[in-house]
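Participant: Sharing a structure with you now.
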Amino acid sequence: MVKMIISILLAAAAINAQSFSITISRDDLAGDAEGLVQYTRFGSTENIRGNISRGSSDGNITVSRDRHTADQIFRVKDAAGTSVSIWLVNSVIDETFADEEDMTMLAASGASAVIKNETTGEVYLVTVPAAAEGLAFRAGTIIGGKFSADPRMFTQLRMYEITVVDALTGEPLPDVEVEFSSGRAGDEFDLGLTDLTGMYSRQLDYGEYEVRLSKPGYIASHQNFTVDLTDLPVTLTTAMSPMTREYRIVLTWGRQPADLDAHLAGPDPAGSRFHIWWDHKVPVGGRNFLDRDDTSSYGPETITIYRPAKGEYRYAVHDYTHRGRSGTRALSYSGARVDIYGGGELIRSFDVEPGIAGNTWEVFKLTTGNEIVPLNTFRDESDSRAVIR
């Protein structure tokens with residue numbers, strides 16, 4: 001694997017970041033590279049290109065060119081409450097007809113992205129590796145006013161990639177059957193199996209898709225996604241639950257924030273109530289309900305109600321990474337998804353809504369009559385003990 005080059009040029013005291021500049025540099029005579037910023041705010045996404053001097057519709061992001069160096073410069077006036085994903089793409093090649101030389105053009109350009117936090121003075125340099133082949137390079141993402149490098153080269157643009165892991169162990173799941181449906185009449189086909197790393201990828205046409213996952217001994221699941229006109233790759237990490245008749249709740253999310261925590265409160269068979277999370281793994285009826293805690297992005301975090309008792313259960317997600325910050329929208333831009341299994345099947349899923357402020361997401365309650373009632377409320381909470389009130 002090609003080693004990605006990431007460096008921090010200057011570090012200052014960390015405070016709440018607001019303003020950023022993103023400078024894309026490259027050697028035009030050696031190859032092609034265009035900066036592309038995927039900007040999401042309050043649930044709306046725009047793609048802002050460095051070769052076009054047109055910023056975001058709300059004026060929050062502007063684009064300019066340095067007349068001496070031809071560098072592409074994006075300026076983010078207020079990064080709070082937004083998600084800004086930074087890409088470098090080969091914009092002159094139709095990937096359908098790309099040859100071997102075209103695949104090296106992006107790397108040959110010597111392209112790099114310099115991301116500066118104008119508030120704290122922190123500067124990050126992310127460089128496209130010289131030996132890499134591909135048409136799109138992801139440098140990283142600014143979420144909640146902080147940049148996180150996530151460098152990776154993609155060989156294709158309109159590509160869907162899914163990585164499947166075991167919900168109890170977090171280990172990759174090979175030989176998962178992947179089947180897609182686009183919703184168009186007659187357009188349904190079995191695409192194959194995940195590899196030893198649990199990954200499967202496929203280039204797809206534009207449109208909306210459902211992907212169904214199945215594997216002997218596991219509960220079948222599904223995901224929905226869109227391949228849009230951005231031409232940027234779609235990547236997803238999901239978890240499959242081993243077969244169980246009990247209620248099992250699985251949390252997965254994206255690269256940021258690094259640490260989301262699952263919380264469950266409910267009735268103890270002894271007559272009292274419990275509240276469990278990573279730091280309070282109290283046995284309930286002699287069993288530990290928290291099967292897996294994750295602190296390094298993606299998840300899964302898995303809770304199984306092994307000995308149900310009569311009464312109401314409540315489930316919430318806490319952004320532990322930003323527990324000390326109020327008004328952050330990092331959780332809402334995390335791509336968090338909560339899957340609920342019961343009776344040997346996937347019975348309900350919840351996807352976090354982007355653009356909502358709060359580091360605590362109370363997702364649903366399970367009533368005495370086994371009805372799943374959506375709550376979908378957000379608030380700020382610094383104390384894990386008070387995440388479920």
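To be explicit about the labels: the chains of the structure tokens are called A, B, and onward in the order shown, and within each one the residues are counted from 1, while ligands get numbers from 1 in the order they are shown.
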Quick check for you: according to DSSP on this backbone, which residues of region 190-387 of chain A are classed as strand (DSSP E)? Reply as a ChimeraX atom specification.
Facilitator: /A:190-193,199-203,207-214,221-227,234-240,247-252,260-267,273-276,290-292,301-305,313-319,337-342,345-351,360-366,372-379
Participant: Counting only C-alpha atoms, which residues in region 20-75 of chain A sit no more than 10 Å from region 124-140 of chain A? For each one, give the nearest pair of atoms and the distance in Å, sorted by chain then residue number, as a Markdown table.
Facilitator:
```
| residue | atom | partner | partner_atom | distance |
| --- | --- | --- | --- | --- |
| A:Ile22 | CA | A:Tyr124 | CA | 9.6 |
| A:Thr23 | CA | A:Leu125 | CA | 9.6 |
| A:Ile24 | CA | A:Val126 | CA | 9.8 |
| A:Ser25 | CA | A:Thr127 | CA | 9.6 |
| A:Arg26 | CA | A:Val128 | CA | 9.9 |
| A:Asp32 | CA | A:Leu135 | CA | 9.8 |
| A:Ala33 | CA | A:Ala136 | CA | 8.9 |
| A:Glu34 | CA | A:Ala136 | CA | 9.5 |
| A:Gly35 | CA | A:Phe137 | CA | 9.7 |
| A:Leu36 | CA | A:Arg138 | CA | 9.6 |
```
Participant: Enumerate the residues of region 78-264 of chain A with a DSSP assignment of helix (DSSP H, G or I), computed from the backbone, and present them as a ChimeraX atom specification.
Facilitator: /A:95-97,100-108
Participant: Excluding same-chain residues fewer than 5 positions from Asn117 (chain A), what lies within 7 Å of it counting only C-alpha atoms, as JSON, numbers by chain?
Facilitator: {"A": [17, 19, 20, 21, 122, 123]}
Participant: Compile the contact shell of Thr235 (chain A) as a PyMOL selection string: residues with an atom at most 10 Å away, counting only C-alpha atoms, same-chain residues fewer than 5 positions apart removed.
Facilitator: chain A and resi 159-163+201+225+254
Participant: Pick the closest to Val76 (chain A) from A:Ile115, A:Val89, A:Leu106, A:Leu196: which is it, counting only C-alpha atoms?
Facilitator: A:Ile115
Participant: For each of A:Gly50, A:Gly198, A:Pro242, A:Gly217, take the minimum atom-to-atom distance to Asp66 (chain A), counting only C-alpha atoms, then give the residue where this is smallest.
Facilitator: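 That would be A:Gly50, the residue with the smallest distance to Asp66 (chain A).
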Participant: Give me the residues near Tyr313 (chain A) as a list in words, where near means some atom within 10 Å (using only C-alpha atoms) and where sequence neighbours in that chain fewer than 6 positions away do not count.
Facilitator: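 In the requested form, the answer reads Leu264, Ala265, Gly266, Pro267, Arg273, Phe274, His275, Ile305, Phe364, Lys365, Leu366, Thr367, Thr368, Asn370 and Ile372 of chain A.
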Participant: Pick the closest to Glu371 (chain A) from A:Tyr206, A:Tyr218, A:Phe74, A:Tyr247: which is it, counting only C-alpha atoms?
Facilitator: A:Tyr247
Participant: Quick one: distance from CA of Gly59 (chain A) to CA of Leu331 (chain A) in Å, one decimal?
Facilitator: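 Separation between CA of Gly59 (chain A) and CA of Leu331 (chain A): 24.0 Å.
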Participant: At a cut-off of 9 Å, using only C-alpha atoms, what residues contact Gly355 (chain A)? Leave out same-chain residues fewer than 2 positions from it and give the result as a list in words.
Facilitator: Thr40, Arg41, Phe42, Gly43, Ser44, Gly81, Thr82, Ser83, Arg329, Ala330, Leu331, Ser332, Tyr333, Glu353 and Ala357 of chain A
Participant: Considering only C-alpha atoms, return as a ChimeraX atom specification whatever protein or nucleic-acid residues lie within 7 Å of region 165-167 of chain A, sequence-local ones (same chain, fewer than 2 positions apart) excluded.
Facilitator: /A:163,169-173,198,238-241,250,300,302
Participant: Limited to C-alpha atoms, could you put the picked residues into a file as a PDB file, in the first residue's frame?
Facilitator:
```
ATOM      1  CA  THR A 163     -17.093  -2.775   4.073  1.00  0.00           C
ATOM      2  CA  THR A 169     -16.463  -8.584  17.179  1.00  0.00           C
ATOM      3  CA  GLY A 170     -15.876  -5.777  14.689  1.00  0.00           C
ATOM      4  CA  GLU A 171     -13.908  -8.202  12.501  1.00  0.00           C
ATOM      5  CA  PRO A 172     -14.268  -8.057   8.683  1.00  0.00           C
ATOM      6  CA  LEU A 173     -16.852 -10.409   7.178  1.00  0.00           C
ATOM      7  CA  GLY A 198     -14.982  -7.546   4.198  1.00  0.00           C
ATOM      8  CA  THR A 238     -21.836  -1.444   8.031  1.00  0.00           C
ATOM      9  CA  ALA A 239     -22.208  -4.272  10.533  1.00  0.00           C
ATOM     10  CA  MET A 240     -24.125  -7.549  10.281  1.00  0.00           C
ATOM     11  CA  SER A 241     -25.494  -9.222  13.359  1.00  0.00           C
ATOM     12  CA  VAL A 250     -26.065  -1.836  16.413  1.00  0.00           C
ATOM     13  CA  PRO A 300     -19.853  -0.992  15.578  1.00  0.00           C
ATOM     14  CA  THR A 302     -23.502  -3.257  19.913  1.00  0.00           C
TER      15      THR A 302
END
```
